[in-house]
Amino acid sequence: MYYFFTFSGLSTIKHTDMVTRYTDEDVIHGLQEKKRSYINYLYKEFFPVVRSIVERNSGTLQDVEDVFQDTIFVLYRQSLSEKIDLHCSLKTYFYAISRNIWLQRLERKYRLLYKPDFEVNEEKARYGQDDSDILEYELERRRLFQQHFFAMPADCQELLRLFFIKTPLKQIASMMHYKNTNYVKTRKYLCKNMLRKKILNDPKCNPFINYEQL
Amino acid sequence: MNNSEIKNDWIDRYNENALNPYELKRFNEKLNRNPVLRAEVSVDRCLNEILSDQDALDFYQKIGRARQRQKRHIKAPPLLLLAASIILLIVATGLLLRLTKVFSVEKKTHPPVAGMKKMNEGTRFLIQPNSYGRYNGNVTPAGRRYAILNPQVASKFNSLRELEILVGGTTRNPAFILTSPIVRQRLLLGSPVKFNWESSGNAIPVVISILDNQGNCIYQSTAILGNSFLLDTADFMKGLYYWRITVEDELVLVGKMALY
């Protein structure tokens with residue numbers, strides 16, 4: 001065991017074969033604090049694991065990246081709520097989450113694809129979803145909607161963020177250099193409308209849009 | 001405020017439960033009739049939920065950055081880029097040096113069209129094509145033909161003006177008469193050249209020198225007291241050579257031979 005200075009300060013690192021290796025506890029702790037170095041470490045070390053699951057089960061590289069992102073997010077949320085009770089290595093745990101997400105996704109996409117002919121499968125798939133703590137559907141919806149949010153102009157992103165953390169309109173106007181609070185409201189409507197339209201026009205988002213009675 | 005803004009306002013306010021009873025009634029009527037409006041309302045609800053979760057937004061932003069970084073990493077690892085740059089630099093430097101060397105050699109061996117002044121300084125005419133693509137200058141027709149066929153050795157057949165004017169069959173020592181070879185000769189490389197001469201009276205010491213087309217002496221015999229000498233050209237290179245015969249340090253005869 002050696003001590004190294006990392007971005008996060010002094011931490012315990014196992015140093016083998018010139019590759020920085022964090023312990024599982026370090027990674028979970030680092031994730032809780034959203035530290036960049038730990039996210040990069042996860043990408044470097046665990047990405048091949050997810051790739052092997054997804055590509056072996058008729059997934060593309062894009063699917064691998066999406067499942068990997070969703071798995072990190074699940075791990076992050078579980079680390080915050082202290083749901084993680086590791087009886088195995090973090091890699092095994094990560095593998096299990098990503099496998100769960102990918103199988104659910106496959107099932108959902110399969111069900112959607114063959115919906116008219118396979119009514120029975122729909123029930124089975126729904127059962128499969130309820131059985132799990134992880135809602136793959138919500139993860140994908142969140143990721144896709146957020147992608148559209150991050151693709152918006154920077155001022156719109158900033159304005160919506162400020163609005164949703166309940167910043168007073170007057171303060172938003174002064175921070176964003178808008179002339180008055182009315183303009184803040186108008187701008188917020190315009191930005192949100194733009195975001196809604198983008199989502200409604202994206203075919204990837206279509207399965208997550210509800211046209212039925214609310 | 002136009003209709004579109006009113007609608008936006010109403011969608012937001014509907015999801016924030018901020019519509020008054022009249023507006024709510026009208027909006028519900030619209031909702032019942034219009035599936036697109038229902039879709040917009042449902043998307044707006046999801047967005048409210050997602051945008052309220054600032055922590056998740058921050059985390060996804062960080063994941064996105066890490067994803068971009070990894071993509072860049074996969075595309076071109078920095079060490080690989082560095083190695084490629086170094087190799088490119090070495091190759092470019094090597095090429096530059098080589099080109100510089102070639103140009104400097106060309107400058108030395110191929111001066112511009114020589115004028116009289118330069119000729120006096122020992123500059124040679126070159127077998128080079130003129131603007132019509134023809135070879136001219138003080139070269140023999142055979143040399144010209146050869147130069148056209150073998151441009152890489154053409155410069156070896158350039159004549160040396162200083163020696164060219166001395167080439168001739170007239171002996172400068174009446175006691176020495178050369179019978180062979182002829183003063184201008186064309187031979188195949190490796191052919192022997194037999195020098196035969198007659199001398200009136202006592203045997204005289206004869207020295208035969210061979211010069212290349214730059215005027216450098218490449219071979220000199222010892223003083224020959226006989227009447228013949230055999231020169232082997234097997235070790236020579238293709239090109240134009242001059243031979244010079246001296247008797248008791250006195251130039252007697254100059255001839256030339258082109259070895260092809």
# chains A, B, ... in the order shown; residues from 1 in each chain; ligands from 1
$ interface_residues --of "chain B" --to "chain A" --cutoff "9 Å" --atoms "only C-alpha atoms" --output "ChimeraX atom specification"
/B:5,8-9,12,31-32,34-44,46-48,50-54,56-67,69-70
$ residues_around --residues "A:Ile101" --least-positions-apart "3" --cutoff "8 Å" --atoms "only C-alpha atoms" --output "list in words"
Val67, Asp70, Thr71, Ile97, Ser98, Gln104, Arg105, Ile134, Leu135 and Glu136 of chain A
$ select_by_dssp --residues "stretch 34-206 of chain A" --states "helix (DSSP H, G or I)" --output "ChimeraX atom specification"
/A:36-56,61-80,90-113,119-130,136-150,154-164,169-175,181-200,203-206
$ write_last_selection --atoms "C-alpha atoms" --output "compact mmCIF listing (two decimals), in the first residue's frame"
# COMPACT_ATOMS: atom_id res chain seq x y z
CA ARG A 36 -14.25 13.28 -11.55
CA SER A 37 -11.23 11.04 -11.00
CA TYR A 38 -13.44 8.23 -9.69
CA ILE A 39 -15.89 8.53 -12.59
CA ASN A 40 -12.96 8.36 -15.00
CA TYR A 41 -11.63 5.38 -13.11
CA LEU A 42 -14.97 3.60 -13.46
CA TYR A 43 -14.96 4.28 -17.18
CA LYS A 44 -11.47 2.89 -17.51
CA GLU A 45 -11.96 -0.20 -15.40
CA PHE A 46 -15.61 -1.19 -15.73
CA PHE A 47 -16.50 -0.19 -19.28
CA PRO A 48 -15.18 -3.48 -20.76
CA VAL A 49 -17.42 -5.40 -18.33
CA VAL A 50 -20.54 -3.65 -19.60
CA ARG A 51 -19.36 -3.95 -23.16
CA SER A 52 -19.05 -7.72 -22.85
CA ILE A 53 -22.62 -8.02 -21.51
CA VAL A 54 -24.27 -5.75 -24.05
CA GLU A 55 -22.35 -6.76 -27.15
CA ARG A 56 -22.83 -10.44 -26.39
CA LEU A 61 -21.54 0.37 -28.86
CA GLN A 62 -24.08 3.15 -28.34
CA ASP A 63 -26.14 0.77 -26.18
CA VAL A 64 -23.00 -0.05 -24.19
CA GLU A 65 -22.38 3.61 -23.49
CA ASP A 66 -25.99 4.20 -22.48
CA VAL A 67 -26.14 1.19 -20.18
CA PHE A 68 -22.83 2.15 -18.64
CA GLN A 69 -24.04 5.68 -17.93
CA ASP A 70 -27.26 4.38 -16.41
CA THR A 71 -25.35 1.89 -14.25
CA ILE A 72 -23.07 4.59 -12.86
CA PHE A 73 -26.12 6.68 -12.08
CA VAL A 74 -27.82 3.78 -10.28
CA LEU A 75 -24.64 3.13 -8.32
CA TYR A 76 -24.42 6.81 -7.42
CA ARG A 77 -28.01 6.92 -6.20
CA GLN A 78 -27.56 3.72 -4.23
CA SER A 79 -24.36 5.05 -2.68
CA LEU A 80 -26.23 8.18 -1.55
CA LEU A 90 -17.69 -3.76 -6.80
CA LYS A 91 -17.01 -5.05 -10.29
CA THR A 92 -19.36 -7.97 -9.77
CA TYR A 93 -21.98 -5.63 -8.34
CA PHE A 94 -21.55 -3.28 -11.28
CA TYR A 95 -21.86 -6.23 -13.64
CA ALA A 96 -25.12 -7.30 -12.00
CA ILE A 97 -26.67 -3.83 -12.27
CA SER A 98 -25.69 -3.33 -15.88
CA ARG A 99 -26.87 -6.82 -16.82
CA ASN A 100 -30.21 -6.13 -15.14
CA ILE A 101 -30.60 -2.84 -17.00
CA TRP A 102 -29.69 -4.31 -20.35
CA LEU A 103 -31.97 -7.32 -20.00
CA GLN A 104 -34.87 -5.10 -19.01
CA ARG A 105 -34.14 -2.80 -21.94
CA LEU A 106 -33.98 -5.69 -24.36
CA GLU A 107 -37.27 -6.99 -23.03
CA ARG A 108 -38.96 -3.60 -23.31
CA LYS A 109 -37.69 -2.94 -26.81
CA TYR A 110 -38.61 -6.44 -27.90
CA ARG A 111 -42.07 -5.99 -26.44
CA LEU A 112 -42.50 -2.64 -28.16
CA LEU A 113 -41.30 -4.00 -31.44
CA GLU A 119 -49.67 -9.60 -26.09
CA VAL A 120 -48.66 -12.33 -23.63
CA ASN A 121 -45.09 -11.14 -23.57
CA GLU A 122 -46.24 -7.71 -22.51
CA GLU A 123 -47.55 -9.09 -19.22
CA LYS A 124 -44.39 -11.05 -18.67
CA ALA A 125 -42.23 -8.03 -19.37
CA ARG A 126 -44.25 -5.89 -16.98
CA TYR A 127 -43.82 -8.50 -14.30
CA GLY A 128 -40.08 -8.46 -14.95
CA GLN A 129 -39.98 -4.69 -14.43
CA ASP A 130 -41.97 -4.71 -11.20
CA GLU A 136 -34.71 0.93 -16.67
CA TYR A 137 -37.54 2.83 -18.37
CA GLU A 138 -37.11 5.82 -16.09
CA LEU A 139 -33.35 5.75 -16.46
CA GLU A 140 -33.54 5.93 -20.22
CA ARG A 141 -36.20 8.63 -20.17
CA ARG A 142 -34.17 10.72 -17.76
CA ARG A 143 -31.02 10.29 -19.82
CA LEU A 144 -32.68 11.21 -23.12
CA PHE A 145 -34.51 14.23 -21.72
CA GLN A 146 -31.36 15.42 -20.02
CA GLN A 147 -29.41 15.07 -23.26
CA HIS A 148 -31.83 17.52 -24.85
CA PHE A 149 -31.47 19.83 -21.89
CA PHE A 150 -27.66 19.81 -22.20
CA ALA A 154 -26.09 27.85 -22.13
CA ASP A 155 -28.28 30.77 -21.02
CA CYS A 156 -31.43 28.64 -21.23
CA GLN A 157 -29.79 25.89 -19.19
CA GLU A 158 -28.67 28.39 -16.57
CA LEU A 159 -32.07 30.07 -16.42
CA LEU A 160 -33.98 26.79 -16.01
CA ARG A 161 -31.55 25.57 -13.38
CA LEU A 162 -31.94 28.78 -11.39
CA PHE A 163 -35.69 28.63 -11.76
CA PHE A 164 -35.93 25.06 -10.52
CA LEU A 169 -37.18 36.00 -10.17
CA LYS A 170 -35.63 39.33 -9.24
CA GLN A 171 -32.37 37.65 -8.40
CA ILE A 172 -32.45 35.66 -11.65
CA ALA A 173 -32.99 38.91 -13.58
CA SER A 174 -29.95 40.51 -11.99
CA MET A 175 -27.80 37.38 -12.35
CA THR A 181 -38.85 39.78 -13.93
CA ASN A 182 -41.42 39.69 -16.75
CA TYR A 183 -38.66 39.02 -19.22
CA VAL A 184 -37.38 36.23 -16.95
CA LYS A 185 -40.82 34.60 -17.08
CA THR A 186 -41.12 34.99 -20.85
CA ARG A 187 -37.63 33.67 -21.41
CA LYS A 188 -38.30 30.71 -19.14
CA TYR A 189 -41.46 29.85 -21.13
CA LEU A 190 -39.56 30.12 -24.39
CA CYS A 191 -36.71 27.94 -23.18
CA LYS A 192 -39.00 25.31 -21.77
CA ASN A 193 -41.13 25.35 -24.89
CA MET A 194 -38.00 24.86 -27.00
CA LEU A 195 -37.01 21.91 -24.83
CA ARG A 196 -40.47 20.35 -25.04
CA LYS A 197 -40.56 20.68 -28.82
CA LYS A 198 -37.13 19.10 -29.16
CA ILE A 199 -38.22 16.14 -27.07
CA LEU A 200 -41.53 15.76 -28.91
CA PRO A 203 -38.15 9.70 -32.35
CA LYS A 204 -35.97 8.18 -29.60
CA CYS A 205 -38.13 9.95 -27.03
CA ASN A 206 -41.39 8.77 -28.57
$ closest_residue --among "B:Lys194, B:Lys156, B:Arg13, B:Arg161" --to "B:Leu231" --atoms "only C-alpha atoms"
B:Lys194
$ residues_around --residues "B:Ile208" --least-positions-apart "5" --cutoff "7 Å" --atoms "only C-alpha atoms" --output "VMD selection string"
chain B and resid 220 to 221 243 to 246
$ write_last_selection --atoms "N, CA and C atoms" --output "PDB file, in the first residue's frame"
ATOM      1  N   GLN B 220      49.110   6.728 -63.635  1.00  0.00           N
ATOM      2  CA  GLN B 220      50.351   7.171 -64.284  1.00  0.00           C
ATOM      3  C   GLN B 220      51.320   6.005 -64.284  1.00  0.00           C
ATOM      4  N   SER B 221      51.832   5.711 -65.486  1.00  0.00           N
ATOM      5  CA  SER B 221      52.773   4.578 -65.587  1.00  0.00           C
ATOM      6  C   SER B 221      54.178   5.033 -65.159  1.00  0.00           C
ATOM      7  N   TRP B 243      44.238  10.564 -72.312  1.00  0.00           N
ATOM      8  CA  TRP B 243      45.573  10.010 -72.035  1.00  0.00           C
ATOM      9  C   TRP B 243      46.611  11.037 -72.464  1.00  0.00           C
ATOM     10  N   ARG B 244      47.707  11.010 -71.781  1.00  0.00           N
ATOM     11  CA  ARG B 244      48.748  12.006 -72.020  1.00  0.00           C
ATOM     12  C   ARG B 244      50.079  11.276 -72.059  1.00  0.00           C
ATOM     13  N   ILE B 245      50.860  11.540 -73.077  1.00  0.00           N
ATOM     14  CA  ILE B 245      52.172  10.885 -73.173  1.00  0.00           C
ATOM     15  C   ILE B 245      53.259  11.955 -73.009  1.00  0.00           C
ATOM     16  N   THR B 246      54.139  11.689 -72.079  1.00  0.00           N
ATOM     17  CA  THR B 246      55.247  12.637 -71.853  1.00  0.00           C
ATOM     18  C   THR B 246      56.578  11.902 -72.021  1.00  0.00           C
TER      19      THR B 246
END
